[in-house]
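Everything below belongs to start-v8.json, which stores JSON, C-alpha atoms.
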```
[["chain", "number", "residue", "atom", "x", "y", "z"],
["A", 1, "MET", "CA", 0.00, 0.00, 0.00],
["A", 2, "ALA", "CA", 1.24, 3.58, -0.67],
["A", 3, "GLU", "CA", 3.17, 5.36, 2.07],
["A", 4, "ASP", "CA", 0.61, 8.17, 2.32],
["A", 5, "ALA", "CA", -2.38, 5.81, 2.66],
["A", 6, "PRO", "CA", -4.76, 6.86, 5.49],
["A", 7, "THR", "CA", -4.85, 4.89, 8.71],
["A", 8, "CYS", "CA", -7.82, 3.83, 10.84],
["A", 9, "ALA", "CA", -9.06, 6.52, 13.22],
["A", 10, "PHE", "CA", -9.56, 3.91, 15.96],
["A", 11, "HIS", "CA", -6.56, 1.66, 15.25],
["A", 12, "PRO", "CA", -3.54, 3.89, 14.53],
["A", 13, "GLY", "CA", -1.08, 2.29, 12.17],
["A", 14, "ARG", "CA", -3.70, 0.19, 10.34],
["A", 15, "GLU", "CA", -3.83, 1.36, 6.73],
["A", 16, "THR", "CA", -7.24, 1.46, 5.03],
["A", 17, "LEU", "CA", -9.02, 2.86, 2.01],
["A", 18, "VAL", "CA", -12.49, 2.67, 3.60],
["A", 19, "SER", "CA", -14.14, 5.64, 5.32],
["A", 20, "CYS", "CA", -17.32, 6.23, 7.34],
["A", 21, "SER", "CA", -20.19, 7.46, 5.14],
["A", 22, "ARG", "CA", -21.33, 9.81, 7.91],
["A", 23, "CYS", "CA", -18.23, 11.39, 9.50],
["A", 24, "GLU", "CA", -15.78, 10.39, 6.73],
["A", 25, "ARG", "CA", -13.16, 9.12, 9.20],
["A", 26, "PRO", "CA", -10.90, 6.35, 7.83],
["A", 27, "ILE", "CA", -11.94, 2.99, 9.32],
["A", 28, "CYS", "CA", -10.59, -0.55, 9.11],
["A", 29, "PRO", "CA", -12.80, -3.65, 8.69],
["A", 30, "ASP", "CA", -12.93, -4.17, 12.47],
["A", 31, "CYS", "CA", -14.52, -0.71, 12.88],
["A", 32, "ALA", "CA", -16.86, -0.81, 9.87],
["A", 33, "VAL", "CA", -20.58, -1.55, 10.22],
["A", 34, "GLN", "CA", -22.90, -1.96, 7.24],
["A", 35, "ALA", "CA", -25.58, 0.76, 7.46],
["A", 36, "ALA", "CA", -28.62, 1.51, 5.32],
["A", 37, "VAL", "CA", -26.32, 3.39, 2.93],
["A", 38, "GLY", "CA", -22.59, 2.71, 2.94],
["A", 39, "LEU", "CA", -20.42, 1.88, 5.96],
["A", 40, "ARG", "CA", -20.47, 3.59, 9.35],
["A", 41, "CYS", "CA", -17.81, 3.72, 12.02],
["A", 42, "ILE", "CA", -18.49, 2.27, 15.46],
["A", 43, "GLN", "CA", -18.73, 5.74, 17.04],
["A", 44, "CYS", "CA", -21.41, 6.97, 14.60],
["A", 45, "ILE", "CA", -23.37, 3.75, 15.11],
["A", 46, "ALA", "CA", -23.22, 4.25, 18.90],
["A", 47, "GLU", "CA", -24.53, 7.83, 18.54],
["A", 48, "GLU", "CA", -27.39, 6.70, 16.30],
["A", 49, "ARG", "CA", -28.38, 4.00, 18.79],
["A", 50, "ARG", "CA", -28.59, 6.58, 21.59],
["A", 51, "GLN", "CA", -31.01, 8.61, 19.47],
["A", 52, "ARG", "CA", -33.10, 5.63, 18.33],
["A", 53, "PRO", "CA", -35.48, 5.33, 21.35],
["A", 54, "THR", "CA", -36.77, 8.88, 20.74],
["A", 55, "VAL", "CA", -37.32, 8.15, 17.04],
["A", 56, "ALA", "CA", -39.14, 4.93, 17.89],
["A", 57, "ARG", "CA", -41.49, 6.72, 20.29],
["A", 58, "GLU", "CA", -42.32, 9.36, 17.69],
["A", 59, "LEU", "CA", -43.09, 6.73, 15.08],
["A", 60, "THR", "CA", -45.30, 4.84, 17.52],
["A", 61, "ALA", "CA", -47.27, 7.98, 18.35],
["A", 62, "HIS", "CA", -47.62, 9.46, 14.87],
["A", 63, "GLY", "CA", -46.87, 6.73, 12.36],
["A", 64, "ARG", "CA", -49.65, 4.16, 12.69],
["A", 65, "SER", "CA", -50.54, 4.64, 9.04],
["A", 66, "LEU", "CA", -46.95, 3.71, 8.17],
["A", 67, "ARG", "CA", -47.52, 0.22, 9.57],
["A", 68, "ARG", "CA", -50.74, -0.57, 7.71],
["A", 69, "PRO", "CA", -51.22, -1.87, 4.15],
["A", 70, "SER", "CA", -51.34, 1.04, 1.72],
["A", 71, "PRO", "CA", -54.45, 1.75, -0.40],
["A", 72, "LEU", "CA", -52.40, 0.92, -3.50],
["A", 73, "PHE", "CA", -51.50, -2.54, -2.19],
["A", 74, "LEU", "CA", -55.11, -3.21, -1.15],
["A", 75, "GLY", "CA", -56.23, -2.10, -4.60],
["A", 76, "MET", "CA", -53.78, -4.54, -6.18],
["A", 77, "LEU", "CA", -55.27, -7.34, -4.08],
["A", 78, "VAL", "CA", -58.81, -6.43, -5.15],
["A", 79, "VAL", "CA", -57.85, -6.43, -8.84],
["A", 80, "TRP", "CA", -55.92, -9.70, -8.45],
["A", 81, "PHE", "CA", -58.87, -11.52, -6.90],
["A", 82, "ALA", "CA", -61.13, -10.03, -9.59],
["A", 83, "LEU", "CA", -58.81, -11.55, -12.23],
["A", 84, "ILE", "CA", -58.93, -14.88, -10.40],
["A", 85, "GLY", "CA", -62.74, -14.70, -10.43],
["A", 86, "ALA", "CA", -62.75, -13.89, -14.14],
["A", 87, "LEU", "CA", -60.51, -16.85, -14.89],
["A", 88, "TRP", "CA", -62.74, -19.08, -12.78],
["A", 89, "ALA", "CA", -65.68, -17.98, -14.90],
["A", 90, "GLN", "CA", -63.84, -19.13, -18.04],
["A", 91, "GLY", "CA", -64.28, -22.70, -16.83],
["A", 92, "SER", "CA", -62.36, -25.52, -18.51],
["A", 93, "PRO", "CA", -61.07, -26.15, -22.06],
["A", 94, "THR", "CA", -63.57, -27.18, -24.68],
["A", 95, "ALA", "CA", -60.95, -27.24, -27.45],
["A", 96, "LEU", "CA", -57.18, -27.49, -27.83],
["A", 97, "GLU", "CA", -56.80, -23.79, -28.62],
["A", 98, "ILE", "CA", -56.35, -21.31, -25.75],
["A", 99, "PRO", "CA", -58.94, -18.50, -26.06],
["A", 100, "GLY", "CA", -57.56, -14.97, -26.27],
["A", 101, "ALA", "CA", -59.54, -13.86, -23.22],
["A", 102, "VAL", "CA", -58.07, -16.70, -21.15],
["A", 103, "LYS", "CA", -54.54, -15.81, -22.24],
["A", 104, "ALA", "CA", -55.01, -12.12, -21.38],
["A", 105, "LEU", "CA", -56.54, -12.88, -17.99],
["A", 106, "GLY", "CA", -53.88, -15.49, -17.17],
["A", 107, "VAL", "CA", -50.97, -13.21, -18.03],
["A", 108, "ALA", "CA", -52.44, -10.32, -16.04],
["A", 109, "MET", "CA", -53.13, -12.56, -13.05],
["A", 110, "VAL", "CA", -49.58, -13.96, -13.00],
["A", 111, "ILE", "CA", -47.86, -10.58, -13.36],
["A", 112, "LEU", "CA", -50.01, -8.93, -10.70],
["A", 113, "GLY", "CA", -49.69, -11.96, -8.40],
["A", 114, "TRP", "CA", -45.92, -11.83, -8.76],
["A", 115, "LEU", "CA", -45.88, -8.09, -7.92],
["A", 116, "ILE", "CA", -48.02, -8.76, -4.83],
["A", 117, "SER", "CA", -45.62, -11.49, -3.71],
["A", 118, "LEU", "CA", -42.71, -9.09, -4.23],
["A", 119, "CYS", "CA", -44.36, -6.57, -1.89],
["A", 120, "LEU", "CA", -44.96, -9.30, 0.69],
["A", 121, "HIS", "CA", -41.35, -10.47, 0.28],
["A", 122, "GLU", "CA", -39.96, -7.01, 1.05],
["A", 123, "TRP", "CA", -42.50, -6.43, 3.84],
["A", 124, "ALA", "CA", -41.27, -9.65, 5.50],
["A", 125, "HIS", "CA", -37.68, -8.37, 5.45],
["A", 126, "ALA", "CA", -38.79, -5.07, 6.98],
["A", 127, "PHE", "CA", -41.12, -6.61, 9.57],
["A", 128, "VAL", "CA", -38.45, -8.96, 10.92],
["A", 129, "ALA", "CA", -35.94, -6.09, 10.92],
["A", 130, "TYR", "CA", -38.42, -3.92, 12.85],
["A", 131, "ARG", "CA", -38.95, -6.66, 15.42],
["A", 132, "SER", "CA", -35.19, -7.07, 15.66],
["A", 133, "GLY", "CA", -34.37, -3.43, 16.44],
["A", 134, "ASP", "CA", -34.36, -1.46, 13.18],
["A", 135, "HIS", "CA", -37.20, 1.05, 13.63],
["A", 136, "SER", "CA", -36.07, 3.10, 10.63],
["A", 137, "VAL", "CA", -38.08, 0.80, 8.34],
["A", 138, "VAL", "CA", -41.29, 2.37, 9.65],
["A", 139, "GLY", "CA", -40.40, 5.88, 8.57],
["A", 140, "LYS", "CA", -39.31, 4.60, 5.17],
["A", 141, "GLY", "CA", -42.78, 3.14, 4.58],
["A", 142, "TYR", "CA", -41.55, -0.43, 4.16],
["A", 143, "LEU", "CA", -44.30, -1.84, 6.39],
["A", 144, "THR", "CA", -47.08, -0.45, 4.16],
["A", 145, "MET", "CA", -46.42, -2.96, 1.35],
["A", 146, "ASP", "CA", -46.60, -0.01, -1.05],
["A", 147, "PRO", "CA", -44.61, -1.08, -4.15],
["A", 148, "ARG", "CA", -43.44, 2.50, -4.66],
["A", 149, "LYS", "CA", -41.40, 2.31, -1.45],
["A", 150, "TYR", "CA", -39.17, -0.50, -2.62],
["A", 151, "THR", "CA", -36.27, 1.30, -4.34],
["A", 152, "ASP", "CA", -36.08, 2.22, -8.02],
["A", 153, "PRO", "CA", -39.25, 1.38, -10.00],
["A", 154, "VAL", "CA", -37.27, 0.38, -13.11],
["A", 155, "LEU", "CA", -34.82, -1.96, -11.36],
["A", 156, "SER", "CA", -37.40, -3.21, -8.87],
["A", 157, "PHE", "CA", -40.40, -3.82, -11.13],
["A", 158, "VAL", "CA", -39.90, -3.06, -14.81],
["A", 159, "LEU", "CA", -36.67, -5.07, -15.26],
["A", 160, "PRO", "CA", -37.97, -8.18, -13.45],
["A", 161, "ILE", "CA", -41.15, -8.09, -15.56],
["A", 162, "VAL", "CA", -39.01, -7.85, -18.72],
["A", 163, "PHE", "CA", -37.05, -10.93, -17.58],
["A", 164, "LEU", "CA", -40.37, -12.66, -16.92],
["A", 165, "VAL", "CA", -41.54, -11.89, -20.45],
["A", 166, "LEU", "CA", -38.28, -12.90, -22.10],
["A", 167, "GLY", "CA", -37.52, -16.10, -20.25],
["A", 168, "GLY", "CA", -40.01, -16.85, -17.51],
["A", 169, "ILE", "CA", -37.38, -16.08, -14.87],
["A", 170, "GLY", "CA", -38.60, -14.80, -11.50],
["A", 171, "LEU", "CA", -35.80, -12.27, -11.06],
["A", 172, "PRO", "CA", -35.63, -10.81, -7.53],
["A", 173, "GLY", "CA", -37.08, -7.33, -7.72],
["A", 174, "GLY", "CA", -37.38, -4.67, -5.03],
["A", 175, "ALA", "CA", -35.20, -4.16, -2.01],
["A", 176, "VAL", "CA", -35.39, -2.59, 1.42],
["A", 177, "TRP", "CA", -32.46, -0.81, 3.05],
["A", 178, "ILE", "CA", -31.95, -2.31, 6.49],
["A", 179, "ASP", "CA", -29.82, -0.63, 9.14],
["A", 180, "ARG", "CA", -27.77, -3.69, 10.03],
["A", 181, "GLY", "CA", -26.11, -1.84, 12.88],
["A", 182, "ALA", "CA", -29.46, -1.67, 14.67],
["A", 183, "ILE", "CA", -30.16, -5.43, 14.52],
["A", 184, "ARG", "CA", -29.64, -7.06, 17.89],
["A", 185, "SER", "CA", -27.70, -10.19, 16.88],
["A", 186, "ARG", "CA", -26.15, -12.07, 14.00],
["A", 187, "GLY", "CA", -28.93, -14.62, 14.17],
["A", 188, "ARG", "CA", -31.49, -11.85, 13.77],
["A", 189, "GLU", "CA", -29.58, -10.47, 10.78],
["A", 190, "ALA", "CA", -29.71, -13.87, 9.10],
["A", 191, "LEU", "CA", -33.42, -14.16, 9.89],
["A", 192, "VAL", "CA", -34.08, -10.78, 8.25],
["A", 193, "SER", "CA", -32.56, -12.08, 5.02],
["A", 194, "ALA", "CA", -34.34, -15.44, 5.22],
["A", 195, "ALA", "CA", -37.79, -13.89, 5.72],
["A", 196, "GLY", "CA", -38.18, -12.80, 2.08],
["A", 197, "PRO", "CA", -37.56, -16.17, 0.37],
["A", 198, "ALA", "CA", -39.73, -17.82, 3.03],
["A", 199, "VAL", "CA", -42.64, -15.67, 1.84],
["A", 200, "ASN", "CA", -42.05, -16.76, -1.78],
["A", 201, "ILE", "CA", -42.11, -20.41, -0.71],
["A", 202, "VAL", "CA", -45.32, -19.99, 1.29],
["A", 203, "PHE", "CA", -46.99, -17.93, -1.45],
["A", 204, "GLY", "CA", -45.96, -20.50, -4.07],
["A", 205, "ALA", "CA", -47.18, -23.40, -1.95],
["A", 206, "ALA", "CA", -50.53, -21.61, -1.47],
["A", 207, "CYS", "CA", -50.94, -21.19, -5.24],
["A", 208, "LEU", "CA", -50.04, -24.84, -5.86],
["A", 209, "GLY", "CA", -52.34, -25.94, -3.05],
["A", 210, "ALA", "CA", -55.18, -23.99, -4.65],
["A", 211, "THR", "CA", -54.41, -25.77, -7.93],
["A", 212, "ARG", "CA", -55.04, -29.11, -6.27],
["A", 213, "LEU", "CA", -58.36, -27.92, -4.83],
["A", 214, "ILE", "CA", -59.83, -26.57, -8.08],
["A", 215, "GLU", "CA", -57.97, -28.53, -10.77],
["A", 216, "PHE", "CA", -61.09, -30.31, -12.04],
["A", 217, "HIS", "CA", -63.51, -27.41, -11.53],
["A", 218, "ALA", "CA", -61.76, -24.50, -13.29],
["A", 219, "VAL", "CA", -58.87, -25.83, -15.36],
["A", 220, "TRP", "CA", -57.78, -22.49, -16.84],
["A", 221, "LEU", "CA", -57.44, -20.92, -13.40],
["A", 222, "ALA", "CA", -55.79, -24.03, -11.94],
["A", 223, "THR", "CA", -53.09, -24.05, -14.61],
["A", 224, "ALA", "CA", -52.37, -20.32, -14.21],
["A", 225, "LEU", "CA", -52.04, -20.74, -10.44],
["A", 226, "ALA", "CA", -49.77, -23.75, -10.95],
["A", 227, "TYR", "CA", -47.47, -21.67, -13.15],
["A", 228, "LEU", "CA", -47.44, -18.81, -10.63],
["A", 229, "GLY", "CA", -46.66, -21.28, -7.84],
["A", 230, "TRP", "CA", -43.75, -22.73, -9.82],
["A", 231, "LEU", "CA", -42.50, -19.23, -10.56],
["A", 232, "GLU", "CA", -42.50, -18.40, -6.84],
["A", 233, "MET", "CA", -40.48, -21.54, -6.11],
["A", 234, "LEU", "CA", -37.99, -20.55, -8.80],
["A", 235, "THR", "CA", -37.76, -17.02, -7.39],
["A", 236, "ALA", "CA", -37.04, -18.41, -3.91],
["A", 237, "ALA", "CA", -34.36, -20.76, -5.25],
["A", 238, "LEU", "CA", -32.73, -17.92, -7.18],
["A", 239, "ASN", "CA", -32.86, -15.58, -4.20],
["A", 240, "LEU", "CA", -31.25, -18.16, -1.91],
["A", 241, "MET", "CA", -28.08, -18.33, -4.01],
["A", 242, "PRO", "CA", -25.08, -17.24, -1.88],
["A", 243, "ILE", "CA", -24.23, -14.26, -4.11],
["A", 244, "PRO", "CA", -23.69, -10.79, -2.62],
["A", 245, "GLY", "CA", -26.85, -8.78, -3.10],
["A", 246, "LEU", "CA", -29.14, -11.81, -2.78],
["A", 247, "ASP", "CA", -30.82, -13.08, 0.36],
["A", 248, "GLY", "CA", -28.86, -16.33, 0.34],
["A", 249, "TYR", "CA", -25.66, -14.39, 0.89],
["A", 250, "GLY", "CA", -27.40, -12.16, 3.46],
["A", 251, "ILE", "CA", -28.12, -15.25, 5.56],
["A", 252, "ILE", "CA", -24.44, -16.20, 5.84],
["A", 253, "ASP", "CA", -22.95, -12.69, 5.76],
["A", 254, "PRO", "CA", -23.23, -12.02, 9.54],
["A", 255, "TYR", "CA", -21.05, -15.05, 10.26],
["A", 256, "LEU", "CA", -18.22, -14.20, 7.85],
["A", 257, "PRO", "CA", -14.97, -12.47, 8.91],
["A", 258, "ASP", "CA", -15.16, -8.68, 8.64],
["A", 259, "GLU", "CA", -12.45, -8.56, 5.97],
["A", 260, "VAL", "CA", -14.49, -10.89, 3.76],
["A", 261, "ARG", "CA", -17.70, -8.94, 4.37],
["A", 262, "VAL", "CA", -16.15, -5.63, 3.35],
["A", 263, "SER", "CA", -14.74, -7.09, 0.12],
["A", 264, "MET", "CA", -18.07, -8.75, -0.72],
["A", 265, "TRP", "CA", -20.00, -5.48, -0.33],
["A", 266, "GLU", "CA", -18.08, -4.16, -3.32],
["A", 267, "ILE", "CA", -19.08, -7.18, -5.41],
["A", 268, "ALA", "CA", -22.80, -6.72, -4.65],
["A", 269, "ARG", "CA", -23.16, -3.99, -7.28],
["A", 270, "TYR", "CA", -22.35, -6.55, -10.00],
["A", 271, "SER", "CA", -24.67, -9.26, -8.70],
["A", 272, "LEU", "CA", -27.18, -8.89, -11.56],
["A", 273, "PHE", "CA", -24.49, -9.67, -14.13],
["A", 274, "VAL", "CA", -23.23, -12.61, -12.06],
["A", 275, "ILE", "CA", -26.75, -14.04, -11.81],
["A", 276, "PHE", "CA", -27.35, -13.70, -15.56],
["A", 277, "PHE", "CA", -24.05, -15.40, -16.40],
["A", 278, "LEU", "CA", -24.57, -18.29, -13.98],
["A", 279, "VAL", "CA", -28.15, -18.94, -15.08],
["A", 280, "ALA", "CA", -27.49, -18.58, -18.82],
["A", 281, "PHE", "CA", -24.06, -20.18, -19.25],
["A", 282, "THR", "CA", -23.49, -22.65, -16.41],
["A", 283, "PRO", "CA", -25.31, -25.71, -14.95],
["A", 284, "VAL", "CA", -26.59, -23.47, -12.13],
["A", 285, "GLY", "CA", -29.67, -22.61, -14.20],
["A", 286, "GLY", "CA", -30.62, -26.29, -14.46],
["A", 287, "VAL", "CA", -30.16, -26.74, -10.72],
["A", 288, "LEU", "CA", -32.50, -23.81, -9.99],
["A", 289, "TRP", "CA", -35.15, -25.19, -12.33],
["A", 290, "ASP", "CA", -34.85, -28.61, -10.70],
["A", 291, "VAL", "CA", -35.31, -27.08, -7.23],
["A", 292, "ALA", "CA", -38.45, -25.27, -8.43],
["A", 293, "TRP", "CA", -39.87, -28.49, -9.89],
["A", 294, "ARG", "CA", -39.16, -30.32, -6.64],
["A", 295, "GLY", "CA", -41.18, -27.66, -4.83],
["A", 296, "VAL", "CA", -44.09, -28.42, -7.15],
["A", 297, "ASP", "CA", -43.69, -32.15, -6.48],
["A", 298, "ALA", "CA", -43.62, -31.55, -2.72],
["A", 299, "VAL", "CA", -47.10, -29.98, -2.82],
["A", 300, "GLY", "CA", -48.39, -32.89, -4.90],
["A", 301, "VAL", "CA", -49.18, -31.04, -8.14],
["A", 302, "GLU", "CA", -48.54, -32.80, -11.44],
["A", 303, "ARG", "CA", -45.88, -31.09, -13.52],
["A", 304, "SER", "CA", -48.18, -31.18, -16.53],
["A", 305, "TRP", "CA", -50.36, -28.53, -14.85],
["A", 306, "VAL", "CA", -47.41, -26.16, -14.69],
["A", 307, "ALA", "CA", -46.48, -26.93, -18.31],
["A", 308, "LEU", "CA", -49.99, -26.09, -19.46],
["A", 309, "GLY", "CA", -49.98, -23.03, -17.23],
["A", 310, "GLN", "CA", -46.87, -21.74, -19.00],
["A", 311, "ASP", "CA", -48.85, -21.81, -22.25],
["A", 312, "VAL", "CA", -51.88, -20.21, -20.63],
["A", 313, "ALA", "CA", -50.34, -17.53, -18.41],
["A", 314, "ARG", "CA", -46.70, -17.03, -19.31],
["A", 315, "PRO", "CA", -46.09, -13.50, -20.65],
["A", 316, "SER", "CA", -44.47, -13.48, -24.07],
["A", 317, "LEU", "CA", -43.72, -11.18, -26.96],
["A", 318, "LYS", "CA", -45.48, -13.42, -29.48]]
```

Hey, can you dump this file as structure tokens for me?
Amino acid sequence: MAEDAPTCAFHPGRETLVSCSRCERPICPDCAVQAAVGLRCIQCIAEERRQRPTVARELTAHGRSLRRPSPLFLGMLVVWFALIGALWAQGSPTALEIPGAVKALGVAMVILGWLISLCLHEWAHAFVAYRSGDHSVVGKGYLTMDPRKYTDPVLSFVLPIVFLVLGGIGLPGGAVWIDRGAIRSRGREALVSAAGPAVNIVFGAACLGATRLIEFHAVWLATALAYLGWLEMLTAALNLMPIPGLDGYGIIDPYLPDEVRVSMWEIARYSLFVIFFLVAFTPVGGVLWDVAWRGVDAVGVERSWVALGQDVARPSLK
């Protein structure tokens, strides 16, 4: 390292190129804490924790609306169930050809259902973080399940939908910024990361379970739900990959040495490219698909229902 390299403000003599995003003091990996944005030094984290009880009381007194489902999310639910009802009314196939109305309803139901699951996924992260000590998620609106609160609309919603249209891939979408320094333990940190994929698994199992209940009463709806359930299983499998930026890495990150954690934070910005390469050009893609199919098998749904559902409800450019 160069002779004029800065040294840690708390460990004199330790050279470092990392600085606190709040006070800008040079800090070494032993003094760096991942915050909502960037890294914070241990002194800034201590000051923020002293202020946090006051913030929490203010949010409790004045922010009840910030912990309830937003009107937009409730509206999405109403429309989604209306689409489900419309598909139910379409009944079962009377010919080999898929009617245009069924295709339109199926695609709309799957896309909206996936967006609803994304909101629930991010809400689960925020809810567990809130229960674990990070009260900042309330003020950020993460507990409202409002899709507009989950980072950039293009990266969080538009891009994943494009991937869904192009390849049927349930790309992880939105994200919540958790103040890791406020979480009470490493186990809690891991649980925050695990909460999101758990929601995808439960949501997918619910869709597949509904397929079994109605499969001989409303075939068009059953197939669309089977495809959505498979897509949720695929999304969970993808999100559990141990790649920086994904929840799978977030589960193990608290237990890694600080030097490794700091270096991995820099890699997180390239995670989208890493995911695309692994899925498109390595056997990893096949493994993810196999995991998703095993999730379908575990619920007891025949794979043929998912295959038909891909024809009925998979978005495409054709």

message: Report, in Å to a single decimal, how far apart atom CA of Trp230 of chain A and atom CA of Gly196 of chain A are.
response: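 Interatomic distance, atom CA of Gly196 of chain A to atom CA of Trp230 of chain A: 16.5 Å.
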
- prompt: Which value, in Å to one decimal, gives the distance between atom CA of Gly204 of chain A and atom CA of Val299 of chain A?
  reply: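 Atom CA of Val299 of chain A lies 9.6 Å from atom CA of Gly204 of chain A.
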
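Counting all atoms listed in the file and comparing A:Gly13, A:Pro197, A:Gly181, A:Pro254, the residue that lies closest to Cys119 of chain A is A:Pro197.
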
Please list as a compact mmCIF listing (two decimals) with C-alpha atoms, in the frame of the given file every residue within 12 Å of Val79 of chain A, counting all atoms listed in the file and excluding residues in the same chain fewer than 6 positions away.
```txt
# COMPACT_ATOMS: atom_id res chain seq x y z
CA LEU A 72 -52.40 0.92 -3.50
CA PHE A 73 -51.50 -2.54 -2.19
CA GLY A 85 -62.74 -14.70 -10.43
CA ALA A 86 -62.75 -13.89 -14.14
CA LEU A 105 -56.54 -12.88 -17.99
CA ALA A 108 -52.44 -10.32 -16.04
CA MET A 109 -53.13 -12.56 -13.05
CA VAL A 110 -49.58 -13.96 -13.00
CA ILE A 111 -47.86 -10.58 -13.36
CA LEU A 112 -50.01 -8.93 -10.70
CA GLY A 113 -49.69 -11.96 -8.40
CA ILE A 116 -48.02 -8.76 -4.83
```

query: Which residue gives the smallest distance to Val202 of chain A among A:Glu266, A:Thr223, A:Ser117, A:Gly139, with all atoms listed in the file counted?
result: A:Ser117

task: Mind checking which residues fall within 7 Å of Asp247 of chain A, counting all atoms listed in the file, ignoring those fewer than 4 positions away in the same chain, and posting them as a list in words?
output: Ser193, Ala194, Asn239, Leu240 and Ile251 of chain A

message: Can you tell me which residues surround Gly309 of chain A at a distance of at most 12 Å, considering only C-alpha atoms, apart from same-chain residues fewer than 3 positions away, and format the answer as a ChimeraX atom specification?
response: /A:98,102-103,106-107,109-110,168,208,211,215,219-231,302-306,312-315

message: Counting only C-alpha atoms, find residues at most 10 Å from (-58.6, -27.9, -21.2) (file frame) and give them as a ChimeraX atom specification.
response: /A:91-98,216,218-220,223,308

- request: For atom CA of Gly250 of chain A and atom CA of Pro29 of chain A, quote the distance in Å rounded to one decimal.
  value: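 We find that atom CA of Gly250 of chain A and atom CA of Pro29 of chain A lie 17.7 Å from each other.
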
- prompt: Which polymer residues have any atom within 12 Å of an atom of Pro6 of chain A, counting only C-alpha atoms, with same-chain residues fewer than 4 positions away left out, as a PyMOL selection string?
  reply: chain A and resi 1-2+10-19+24-28

task: Would you be able to write out as a VMD selection string which residues have an atom within 12 Å of (-32.6, -5.3, 17.2) in the file's coordinates, counting all atoms listed in the file?
output: chain A and resid 49 52 to 53 126 to 136 178 to 189 191 to 192

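Of the listed residues A:Pro257, A:Met145, A:Ala104, A:Pro244, the one whose atoms come nearest to Phe273 of chain A is A:Pro244, with distances taken using all atoms listed in the file.
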